[in-house]
$ cat final.cif   # mmCIF, N, CA and C atoms and all ligand atoms
data_work
loop_
_atom_site.label_atom_id
_atom_site.label_comp_id
_atom_site.auth_asym_id
_atom_site.auth_seq_id
_atom_site.Cartn_x
_atom_site.Cartn_y
_atom_site.Cartn_z
N MET A 11 153.93 172.42 -0.86
CA MET A 11 154.27 173.59 -1.67
C MET A 11 154.38 173.19 -3.15
N SER A 12 153.71 173.91 -4.01
CA SER A 12 153.59 173.47 -5.40
C SER A 12 154.92 173.54 -6.16
N ASP A 13 155.83 174.44 -5.78
CA ASP A 13 157.07 174.56 -6.53
C ASP A 13 158.25 173.89 -5.83
N CYS A 14 157.96 173.03 -4.89
CA CYS A 14 159.04 172.37 -4.14
C CYS A 14 159.35 171.00 -4.74
N LEU A 15 160.63 170.78 -5.06
CA LEU A 15 161.05 169.52 -5.68
C LEU A 15 160.65 168.30 -4.85
N PHE A 16 160.91 168.36 -3.55
CA PHE A 16 160.64 167.17 -2.72
C PHE A 16 159.14 166.98 -2.48
N CYS A 17 158.36 168.08 -2.45
CA CYS A 17 156.89 167.91 -2.39
C CYS A 17 156.41 167.23 -3.67
N LYS A 18 157.00 167.59 -4.79
CA LYS A 18 156.63 166.94 -6.06
C LYS A 18 156.99 165.46 -6.03
N ILE A 19 158.11 165.13 -5.41
CA ILE A 19 158.50 163.72 -5.27
C ILE A 19 157.50 162.99 -4.38
N VAL A 20 157.12 163.61 -3.25
CA VAL A 20 156.12 163.01 -2.35
C VAL A 20 154.82 162.76 -3.10
N ASN A 21 154.43 163.73 -3.92
CA ASN A 21 153.16 163.63 -4.66
C ASN A 21 153.26 162.82 -5.94
N LYS A 22 154.45 162.23 -6.18
CA LYS A 22 154.69 161.39 -7.37
C LYS A 22 154.58 162.17 -8.69
N GLU A 23 154.71 163.49 -8.60
CA GLU A 23 154.74 164.28 -9.83
C GLU A 23 156.12 164.17 -10.49
N ILE A 24 157.13 163.88 -9.66
CA ILE A 24 158.49 163.61 -10.14
C ILE A 24 158.84 162.21 -9.64
N PRO A 25 159.36 161.35 -10.52
CA PRO A 25 159.63 159.97 -10.11
C PRO A 25 160.79 159.88 -9.13
N SER A 26 160.73 158.89 -8.28
CA SER A 26 161.85 158.61 -7.37
C SER A 26 161.82 157.12 -7.08
N GLU A 27 162.94 156.65 -6.55
CA GLU A 27 163.06 155.23 -6.23
C GLU A 27 162.81 155.07 -4.73
N ALA A 28 161.61 154.68 -4.38
CA ALA A 28 161.21 154.62 -2.97
C ALA A 28 161.99 153.56 -2.20
N VAL A 29 162.30 153.90 -0.96
CA VAL A 29 162.96 152.98 -0.05
C VAL A 29 162.05 152.67 1.14
N TYR A 30 161.31 153.68 1.56
CA TYR A 30 160.44 153.54 2.74
C TYR A 30 159.33 154.58 2.63
N GLU A 31 158.13 154.18 3.06
CA GLU A 31 157.04 155.15 3.07
C GLU A 31 156.04 154.78 4.15
N ASP A 32 155.61 155.78 4.90
CA ASP A 32 154.47 155.60 5.79
C ASP A 32 153.61 156.87 5.68
N GLU A 33 152.70 157.04 6.60
CA GLU A 33 151.76 158.16 6.51
C GLU A 33 152.47 159.52 6.56
N PHE A 34 153.60 159.57 7.24
CA PHE A 34 154.24 160.86 7.52
C PHE A 34 155.60 161.05 6.86
N VAL A 35 156.24 159.94 6.51
CA VAL A 35 157.65 159.99 6.09
C VAL A 35 157.81 159.29 4.73
N TYR A 36 158.72 159.84 3.92
CA TYR A 36 159.05 159.20 2.64
C TYR A 36 160.58 159.17 2.52
N ALA A 37 161.10 158.07 1.99
CA ALA A 37 162.55 157.95 1.79
C ALA A 37 162.79 157.38 0.39
N PHE A 38 163.83 157.90 -0.25
CA PHE A 38 164.11 157.52 -1.64
C PHE A 38 165.61 157.64 -1.90
N HIS A 39 166.06 156.95 -2.95
CA HIS A 39 167.48 156.98 -3.29
C HIS A 39 167.86 158.35 -3.83
N ASP A 40 169.00 158.87 -3.35
CA ASP A 40 169.52 160.14 -3.87
C ASP A 40 169.90 159.94 -5.34
N ILE A 41 169.60 160.94 -6.15
CA ILE A 41 169.86 160.85 -7.59
C ILE A 41 171.36 160.93 -7.90
N SER A 42 172.14 161.50 -7.01
CA SER A 42 173.61 161.60 -7.20
C SER A 42 174.30 161.07 -5.95
N PRO A 43 174.31 159.75 -5.80
CA PRO A 43 174.83 159.18 -4.54
C PRO A 43 176.31 159.47 -4.32
N VAL A 44 176.66 159.74 -3.06
CA VAL A 44 178.06 159.97 -2.70
C VAL A 44 178.58 158.84 -1.80
N ALA A 45 177.78 157.81 -1.65
CA ALA A 45 178.20 156.62 -0.90
C ALA A 45 177.41 155.45 -1.46
N THR A 46 177.84 154.24 -1.15
CA THR A 46 177.16 153.04 -1.67
C THR A 46 175.67 153.11 -1.35
N ILE A 47 175.39 153.52 -0.14
CA ILE A 47 174.00 153.76 0.26
C ILE A 47 173.85 155.25 0.52
N HIS A 48 172.95 155.88 -0.21
CA HIS A 48 172.68 157.31 -0.03
C HIS A 48 171.18 157.50 -0.24
N ILE A 49 170.51 157.63 0.88
CA ILE A 49 169.05 157.71 0.89
C ILE A 49 168.63 159.04 1.50
N ILE A 50 167.64 159.65 0.88
CA ILE A 50 167.08 160.92 1.40
C ILE A 50 165.80 160.59 2.16
N VAL A 51 165.73 161.07 3.40
CA VAL A 51 164.56 160.81 4.25
C VAL A 51 163.89 162.15 4.55
N ILE A 52 162.60 162.24 4.25
CA ILE A 52 161.90 163.53 4.39
C ILE A 52 160.54 163.35 5.06
N PRO A 53 160.08 164.43 5.72
CA PRO A 53 158.68 164.43 6.13
C PRO A 53 157.82 164.72 4.89
N LYS A 54 156.63 164.13 4.83
CA LYS A 54 155.74 164.44 3.70
C LYS A 54 155.26 165.89 3.79
N LYS A 55 155.17 166.38 5.02
CA LYS A 55 154.79 167.78 5.23
C LYS A 55 155.94 168.69 4.79
N HIS A 56 155.60 169.78 4.09
CA HIS A 56 156.64 170.71 3.69
C HIS A 56 157.11 171.55 4.88
N ILE A 57 158.37 171.37 5.22
CA ILE A 57 159.04 172.22 6.21
C ILE A 57 160.33 172.65 5.52
N LYS A 58 160.61 173.93 5.52
CA LYS A 58 161.73 174.44 4.72
C LYS A 58 163.10 173.91 5.19
N SER A 59 163.35 174.03 6.47
CA SER A 59 164.66 173.61 6.96
C SER A 59 164.57 173.35 8.46
N LEU A 60 165.68 172.93 9.03
CA LEU A 60 165.73 172.69 10.48
C LEU A 60 165.38 173.96 11.25
N ASN A 61 165.65 175.11 10.64
CA ASN A 61 165.30 176.39 11.28
C ASN A 61 163.80 176.55 11.46
N ASP A 62 163.03 175.79 10.70
CA ASP A 62 161.58 176.05 10.64
C ASP A 62 160.73 175.02 11.37
N ILE A 63 161.38 174.06 12.06
CA ILE A 63 160.56 173.11 12.80
C ILE A 63 159.97 173.80 14.03
N GLU A 64 158.74 173.41 14.33
CA GLU A 64 158.02 174.00 15.46
C GLU A 64 157.72 172.91 16.48
N GLU A 65 157.23 173.34 17.62
CA GLU A 65 156.92 172.42 18.71
C GLU A 65 156.06 171.24 18.24
N ASN A 66 155.07 171.55 17.40
CA ASN A 66 154.17 170.47 16.97
C ASN A 66 154.75 169.61 15.85
N ASP A 67 156.01 169.85 15.47
CA ASP A 67 156.71 168.99 14.50
C ASP A 67 157.61 167.98 15.20
N LEU A 68 157.72 168.04 16.52
CA LEU A 68 158.72 167.22 17.21
C LEU A 68 158.41 165.73 17.09
N LEU A 69 157.13 165.37 17.14
CA LEU A 69 156.76 163.96 16.96
C LEU A 69 157.15 163.50 15.56
N LEU A 70 156.92 164.37 14.59
CA LEU A 70 157.27 164.07 13.20
C LEU A 70 158.78 163.86 13.06
N MET A 71 159.57 164.68 13.73
CA MET A 71 161.03 164.52 13.68
C MET A 71 161.44 163.17 14.28
N GLY A 72 160.72 162.76 15.31
CA GLY A 72 160.98 161.45 15.89
C GLY A 72 160.62 160.33 14.92
N LYS A 73 159.57 160.53 14.15
CA LYS A 73 159.17 159.53 13.16
C LYS A 73 160.24 159.40 12.07
N ILE A 74 160.89 160.50 11.76
CA ILE A 74 161.98 160.44 10.78
C ILE A 74 163.14 159.61 11.33
N LEU A 75 163.49 159.84 12.58
CA LEU A 75 164.58 159.04 13.18
C LEU A 75 164.18 157.56 13.24
N SER A 76 162.93 157.30 13.53
CA SER A 76 162.45 155.92 13.56
C SER A 76 162.53 155.28 12.17
N ALA A 77 162.19 156.05 11.14
CA ALA A 77 162.30 155.54 9.76
C ALA A 77 163.76 155.24 9.42
N ILE A 78 164.66 156.14 9.81
CA ILE A 78 166.09 155.92 9.55
C ILE A 78 166.56 154.64 10.25
N ASN A 79 166.14 154.46 11.48
CA ASN A 79 166.46 153.24 12.23
C ASN A 79 166.01 152.00 11.45
N LYS A 80 164.79 152.01 10.93
CA LYS A 80 164.25 150.86 10.19
C LYS A 80 165.00 150.65 8.88
N ILE A 81 165.26 151.74 8.16
CA ILE A 81 165.95 151.62 6.86
C ILE A 81 167.36 151.06 7.07
N ALA A 82 168.05 151.56 8.10
CA ALA A 82 169.42 151.08 8.37
C ALA A 82 169.42 149.57 8.64
N LYS A 83 168.43 149.11 9.37
CA LYS A 83 168.32 147.66 9.63
C LYS A 83 168.00 146.92 8.34
N ASP A 84 167.07 147.47 7.57
CA ASP A 84 166.64 146.84 6.32
C ASP A 84 167.82 146.74 5.35
N LYS A 85 168.65 147.76 5.31
CA LYS A 85 169.81 147.78 4.40
C LYS A 85 171.03 147.09 5.02
N LYS A 86 170.87 146.61 6.24
CA LYS A 86 171.91 145.86 6.96
C LYS A 86 173.20 146.67 7.17
N ILE A 87 173.00 147.95 7.47
CA ILE A 87 174.16 148.79 7.79
C ILE A 87 174.11 149.22 9.26
N ASP A 88 173.15 148.70 10.01
CA ASP A 88 173.00 149.15 11.40
C ASP A 88 174.20 148.76 12.25
N SER A 89 174.72 147.55 12.07
CA SER A 89 175.83 147.14 12.94
C SER A 89 177.15 147.77 12.54
N GLU A 90 177.39 147.96 11.24
CA GLU A 90 178.67 148.56 10.81
C GLU A 90 178.64 150.08 10.96
N GLY A 91 177.47 150.66 11.00
CA GLY A 91 177.35 152.10 11.21
C GLY A 91 177.11 152.88 9.94
N TYR A 92 176.74 154.10 10.11
CA TYR A 92 176.33 154.96 9.00
C TYR A 92 176.35 156.40 9.48
N ARG A 93 176.07 157.31 8.58
CA ARG A 93 176.01 158.73 8.94
C ARG A 93 174.67 159.32 8.50
N VAL A 94 174.15 160.20 9.35
CA VAL A 94 172.93 160.95 9.03
C VAL A 94 173.32 162.44 8.98
N VAL A 95 172.98 163.08 7.85
CA VAL A 95 173.39 164.47 7.65
C VAL A 95 172.17 165.33 7.35
N ASN A 96 172.10 166.46 8.01
CA ASN A 96 171.14 167.50 7.63
C ASN A 96 171.91 168.75 7.25
N ASN A 97 171.78 169.18 6.02
CA ASN A 97 172.37 170.43 5.58
C ASN A 97 171.33 171.52 5.77
N CYS A 98 171.69 172.56 6.53
CA CYS A 98 170.72 173.63 6.81
C CYS A 98 171.25 174.96 6.31
N GLY A 99 170.49 175.56 5.39
CA GLY A 99 170.83 176.90 4.93
C GLY A 99 172.07 176.96 4.06
N GLU A 100 172.45 178.17 3.76
CA GLU A 100 173.53 178.40 2.78
C GLU A 100 174.87 177.82 3.24
N ASN A 101 175.28 178.14 4.45
CA ASN A 101 176.57 177.62 4.93
C ASN A 101 176.53 176.11 5.14
N GLY A 102 175.34 175.59 5.43
CA GLY A 102 175.21 174.14 5.59
C GLY A 102 175.21 173.39 4.27
N GLY A 103 175.05 174.11 3.17
CA GLY A 103 175.07 173.47 1.85
C GLY A 103 173.71 172.95 1.41
N GLN A 104 172.63 173.47 1.99
CA GLN A 104 171.30 173.01 1.62
C GLN A 104 170.93 173.52 0.23
N THR A 105 170.58 172.59 -0.66
CA THR A 105 170.22 172.98 -2.03
C THR A 105 168.74 172.78 -2.32
N VAL A 106 168.07 171.97 -1.53
CA VAL A 106 166.62 171.77 -1.70
C VAL A 106 165.93 172.24 -0.41
N ASP A 107 165.04 173.21 -0.57
CA ASP A 107 164.41 173.84 0.60
C ASP A 107 163.18 173.08 1.09
N HIS A 108 163.39 171.82 1.38
CA HIS A 108 162.40 170.96 2.06
C HIS A 108 163.27 170.10 2.97
N ILE A 109 163.08 170.23 4.26
CA ILE A 109 163.99 169.58 5.21
C ILE A 109 164.18 168.10 4.86
N HIS A 110 165.44 167.66 4.88
CA HIS A 110 165.74 166.28 4.52
C HIS A 110 166.99 165.82 5.25
N PHE A 111 167.06 164.51 5.41
CA PHE A 111 168.17 163.89 6.11
C PHE A 111 168.82 162.89 5.17
N HIS A 112 170.12 163.04 4.97
CA HIS A 112 170.86 162.10 4.13
C HIS A 112 171.26 160.92 5.02
N LEU A 113 170.94 159.71 4.58
CA LEU A 113 171.43 158.50 5.24
C LEU A 113 172.52 157.93 4.35
N LEU A 114 173.74 157.96 4.88
CA LEU A 114 174.92 157.56 4.11
C LEU A 114 175.54 156.32 4.74
N GLY A 115 175.82 155.32 3.92
CA GLY A 115 176.41 154.11 4.46
C GLY A 115 177.16 153.31 3.42
N GLY A 116 177.76 152.23 3.87
CA GLY A 116 178.47 151.32 2.97
C GLY A 116 179.93 151.65 2.78
N ARG A 117 180.39 152.70 3.43
CA ARG A 117 181.83 153.03 3.41
C ARG A 117 182.17 153.80 4.67
N ASN A 118 183.47 153.90 4.93
CA ASN A 118 183.93 154.65 6.09
C ASN A 118 183.81 156.15 5.80
N MET A 119 183.24 156.89 6.73
CA MET A 119 183.04 158.33 6.54
C MET A 119 184.21 159.11 7.13
N MET A 120 184.54 160.20 6.48
CA MET A 120 185.63 161.05 6.95
C MET A 120 185.10 162.06 7.98
N TRP A 121 186.01 162.53 8.82
CA TRP A 121 185.65 163.61 9.76
C TRP A 121 186.86 164.51 9.93
N PRO A 122 186.75 165.83 9.88
CA PRO A 122 185.51 166.56 9.69
C PRO A 122 185.04 166.54 8.25
N PRO A 123 183.73 166.75 8.03
CA PRO A 123 183.22 166.85 6.66
C PRO A 123 183.71 168.14 6.02
N GLY A 124 183.66 168.19 4.72
CA GLY A 124 184.16 169.37 4.00
C GLY A 124 183.27 170.57 4.16
P1 LIG B 201 171.12 169.09 0.00
O1 LIG B 201 172.31 169.52 -0.83
O2 LIG B 201 171.45 168.71 1.39
O3 LIG B 201 169.99 170.08 -0.10
O4 LIG B 201 170.63 167.73 -0.65
C1 LIG B 201 169.78 167.65 -1.75
C2 LIG B 201 169.98 166.26 -2.32
O5 LIG B 201 168.88 165.98 -3.15
C3 LIG B 201 171.25 166.10 -3.14
O6 LIG B 201 172.07 165.07 -2.58
C4 LIG B 201 170.73 165.75 -4.53
O7 LIG B 201 171.53 164.81 -5.18
C5 LIG B 201 169.37 165.18 -4.20
N1 LIG B 201 168.41 165.28 -5.28
C6 LIG B 201 168.14 166.37 -6.05
N2 LIG B 201 167.16 166.09 -6.94
C7 LIG B 201 166.81 164.80 -6.72
C8 LIG B 201 165.85 163.92 -7.32
N3 LIG B 201 165.06 164.31 -8.34
N4 LIG B 201 165.76 162.65 -6.86
C9 LIG B 201 166.55 162.25 -5.84
N5 LIG B 201 167.47 163.03 -5.23
C10 LIG B 201 167.59 164.29 -5.66
ZN ZN B 202 158.35 170.68 0.01
#

$ encode --input "final.cif" --output "structure tokens"
Amino acid sequence: MSDCLFCKIVNKEIPSEAVYEDEFVYAFHDISPVATIHIIVIPKKHIKSLNDIEENDLLLMGKILSAINKIAKDKKIDSEGYRVVNNCGENGGQTVDHIHFHLLGGRNMMWPPG
């Protein structure tokens, strides 16, 4: 989508600090980190939100989890643990309408979230 911030990041029209990239998935440092490690993991394909995934996106969603698994190991937070967050829609606090997963680590996370 031409007016989507994260599509522009995928297409390198807007700079980002890459953490992981393959044919289907891109991950980059969040511009306003809320934890020592705060990485945004997205499909390169534009999907608006979790509400919009379809049957033929399920393999892609698995690839995202696989990327998160690799990044957590690479950042050495796999054994101490981390949090993966998807904000969906208005009540979920989604501000960018391209599905994304926050990988948060390096500190103890609170529960319940705000
Ligand atoms: P959400 O509120 O779940 O939609 O998350 C959007 C996230 O994207 C926020 O944590 C923002 O800090 C982050 N963000 C917005 N613009 C950029 C950017 N240009 N580069 C990296 N992260 C961004
Ligand atoms: Zn997009």

$ residues_near_ligand --input "final.cif" --ligand "ligand ZN 202 (chain B)" --cutoff "6.5 Å" --atoms "all atoms listed in the file" --output "list of chain:residue names"
A:Met11, A:Cys14, A:Leu15, A:Phe16, A:Cys17, A:Lys18, A:Lys55, A:His56, A:Ile57, A:Asp107, A:His108, A:Ile109

$ closest_atom_pairs --input "final.cif" --of "chain A" --to "ligand LIG 201 (chain B)" --cutoff "6 Å" --atoms "all atoms listed in the file" --output "tab-separated table"
residue	atom	partner	partner_atom	distance
A:Ser26	CA	B:LIG201	N4	5.6
A:His39	C	B:LIG201	C9	4.6
A:Asp40	CA	B:LIG201	N5	3.8
A:Ile41	N	B:LIG201	N5	3.1
A:Ser42	N	B:LIG201	O7	3.8
A:Pro43	N	B:LIG201	O7	5.8
A:Asn96	C	B:LIG201	O2	5.9
A:Asn97	CA	B:LIG201	O2	4.6
A:Gly103	C	B:LIG201	O1	4.3
A:Gln104	C	B:LIG201	O3	3.6
A:Thr105	N	B:LIG201	O3	2.6
A:Val106	N	B:LIG201	O3	3.1
A:Asp107	N	B:LIG201	O3	5.9

$ closest_residue --input "final.cif" --among "A:Phe34, A:Ser89, A:Gly102, A:Ser59" --to "Lys73 of chain A" --atoms "all atoms listed in the file"
A:Phe34

$ select_by_dssp --input "final.cif" --residues "chain A" --states "strand (DSSP E)" --output "PyMOL selection string"
chain A and resi 28-31+35-39+47-53+92-95+111-115

$ atom_distance --input "final.cif" --atom1 "atom CA of Asn79 of chain A" --atom2 "atom C of Ile19 of chain A"
21.2 Å

$ residues_near_point --input "final.cif" --point "(181.7, 154.9, 2.0)" --cutoff "8 Å" --atoms "all atoms listed in the file" --output "NGL selection string"
:A and (44-47 or 114-120)

$ atom_distance --input "final.cif" --atom1 "atom N of Ile63 of chain A" --atom2 "atom N of Ile87 of chain A"
28.9 Å

$ atom_distance --input "final.cif" --atom1 "atom C of His110 of chain A" --atom2 "atom N of Val95 of chain A"
7.1 Å

$ select_by_dssp --input "final.cif" --residues "chain A" --states "helix (DSSP H, G or I)" --output "PyMOL selection string"
chain A and resi 15-20+60-62+65-84+99-102

$ write_last_selection --input "final.cif" --atoms "N, CA and C atoms" --output "tab-separated table (two decimals), keeping the file's coordinate frame"
chain	number	residue	atom	x	y	z
A	15	LEU	N	160.63	170.78	-5.06
A	15	LEU	CA	161.05	169.52	-5.68
A	15	LEU	C	160.65	168.30	-4.85
A	16	PHE	N	160.91	168.36	-3.55
A	16	PHE	CA	160.64	167.17	-2.72
A	16	PHE	C	159.14	166.98	-2.48
A	17	CYS	N	158.36	168.08	-2.45
A	17	CYS	CA	156.89	167.91	-2.39
A	17	CYS	C	156.41	167.23	-3.67
A	18	LYS	N	157.00	167.59	-4.79
A	18	LYS	CA	156.63	166.94	-6.06
A	18	LYS	C	156.99	165.46	-6.03
A	19	ILE	N	158.11	165.13	-5.41
A	19	ILE	CA	158.50	163.72	-5.27
A	19	ILE	C	157.50	162.99	-4.38
A	20	VAL	N	157.12	163.61	-3.25
A	20	VAL	CA	156.12	163.01	-2.35
A	20	VAL	C	154.82	162.76	-3.10
A	60	LEU	N	165.68	172.93	9.03
A	60	LEU	CA	165.73	172.69	10.48
A	60	LEU	C	165.38	173.96	11.25
A	61	ASN	N	165.65	175.11	10.64
A	61	ASN	CA	165.30	176.39	11.28
A	61	ASN	C	163.80	176.55	11.46
A	62	ASP	N	163.03	175.79	10.70
A	62	ASP	CA	161.58	176.05	10.64
A	62	ASP	C	160.73	175.02	11.37
A	65	GLU	N	157.23	173.34	17.62
A	65	GLU	CA	156.92	172.42	18.71
A	65	GLU	C	156.06	171.24	18.24
A	66	ASN	N	155.07	171.55	17.40
A	66	ASN	CA	154.17	170.47	16.97
A	66	ASN	C	154.75	169.61	15.85
A	67	ASP	N	156.01	169.85	15.47
A	67	ASP	CA	156.71	168.99	14.50
A	67	ASP	C	157.61	167.98	15.20
A	68	LEU	N	157.72	168.04	16.52
A	68	LEU	CA	158.72	167.22	17.21
A	68	LEU	C	158.41	165.73	17.09
A	69	LEU	N	157.13	165.37	17.14
A	69	LEU	CA	156.76	163.96	16.96
A	69	LEU	C	157.15	163.50	15.56
A	70	LEU	N	156.92	164.37	14.59
A	70	LEU	CA	157.27	164.07	13.20
A	70	LEU	C	158.78	163.86	13.06
A	71	MET	N	159.57	164.68	13.73
A	71	MET	CA	161.03	164.52	13.68
A	71	MET	C	161.44	163.17	14.28
A	72	GLY	N	160.72	162.76	15.31
A	72	GLY	CA	160.98	161.45	15.89
A	72	GLY	C	160.62	160.33	14.92
A	73	LYS	N	159.57	160.53	14.15
A	73	LYS	CA	159.17	159.53	13.16
A	73	LYS	C	160.24	159.40	12.07
A	74	ILE	N	160.89	160.50	11.76
A	74	ILE	CA	161.98	160.44	10.78
A	74	ILE	C	163.14	159.61	11.33
A	75	LEU	N	163.49	159.84	12.58
A	75	LEU	CA	164.58	159.04	13.18
A	75	LEU	C	164.18	157.56	13.24
A	76	SER	N	162.93	157.30	13.53
A	76	SER	CA	162.45	155.92	13.56
A	76	SER	C	162.53	155.28	12.17
A	77	ALA	N	162.19	156.05	11.14
A	77	ALA	CA	162.30	155.54	9.76
A	77	ALA	C	163.76	155.24	9.42
A	78	ILE	N	164.66	156.14	9.81
A	78	ILE	CA	166.09	155.92	9.55
A	78	ILE	C	166.56	154.64	10.25
A	79	ASN	N	166.14	154.46	11.48
A	79	ASN	CA	166.46	153.24	12.23
A	79	ASN	C	166.01	152.00	11.45
A	80	LYS	N	164.79	152.01	10.93
A	80	LYS	CA	164.25	150.86	10.19
A	80	LYS	C	165.00	150.65	8.88
A	81	ILE	N	165.26	151.74	8.16
A	81	ILE	CA	165.95	151.62	6.86
A	81	ILE	C	167.36	151.06	7.07
A	82	ALA	N	168.05	151.56	8.10
A	82	ALA	CA	169.42	151.08	8.37
A	82	ALA	C	169.42	149.57	8.64
A	83	LYS	N	168.43	149.11	9.37
A	83	LYS	CA	168.32	147.66	9.63
A	83	LYS	C	168.00	146.92	8.34
A	84	ASP	N	167.07	147.47	7.57
A	84	ASP	CA	166.64	146.84	6.32
A	84	ASP	C	167.82	146.74	5.35
A	99	GLY	N	170.49	175.56	5.39
A	99	GLY	CA	170.83	176.90	4.93
A	99	GLY	C	172.07	176.96	4.06
A	100	GLU	N	172.45	178.17	3.76
A	100	GLU	CA	173.53	178.40	2.78
A	100	GLU	C	174.87	177.82	3.24
A	101	ASN	N	175.28	178.14	4.45
A	101	ASN	CA	176.57	177.62	4.93
A	101	ASN	C	176.53	176.11	5.14
A	102	GLY	N	175.34	175.59	5.43
A	102	GLY	CA	175.21	174.14	5.59
A	102	GLY	C	175.21	173.39	4.27

$ residues_around --input "final.cif" --residues "Ile74 of chain A" --least-positions-apart "3" --cutoff "8 Å" --atoms "only N, CA and C atoms" --output "number ranges by chain"
A: 34-36, 51-53, 68-71, 77-80

$ closest_residue --input "final.cif" --among "A:Ala37, A:Tyr92, A:Lys86, A:Gly99" --to "Leu60 of chain A" --atoms "only N, CA and C atoms"
A:Gly99
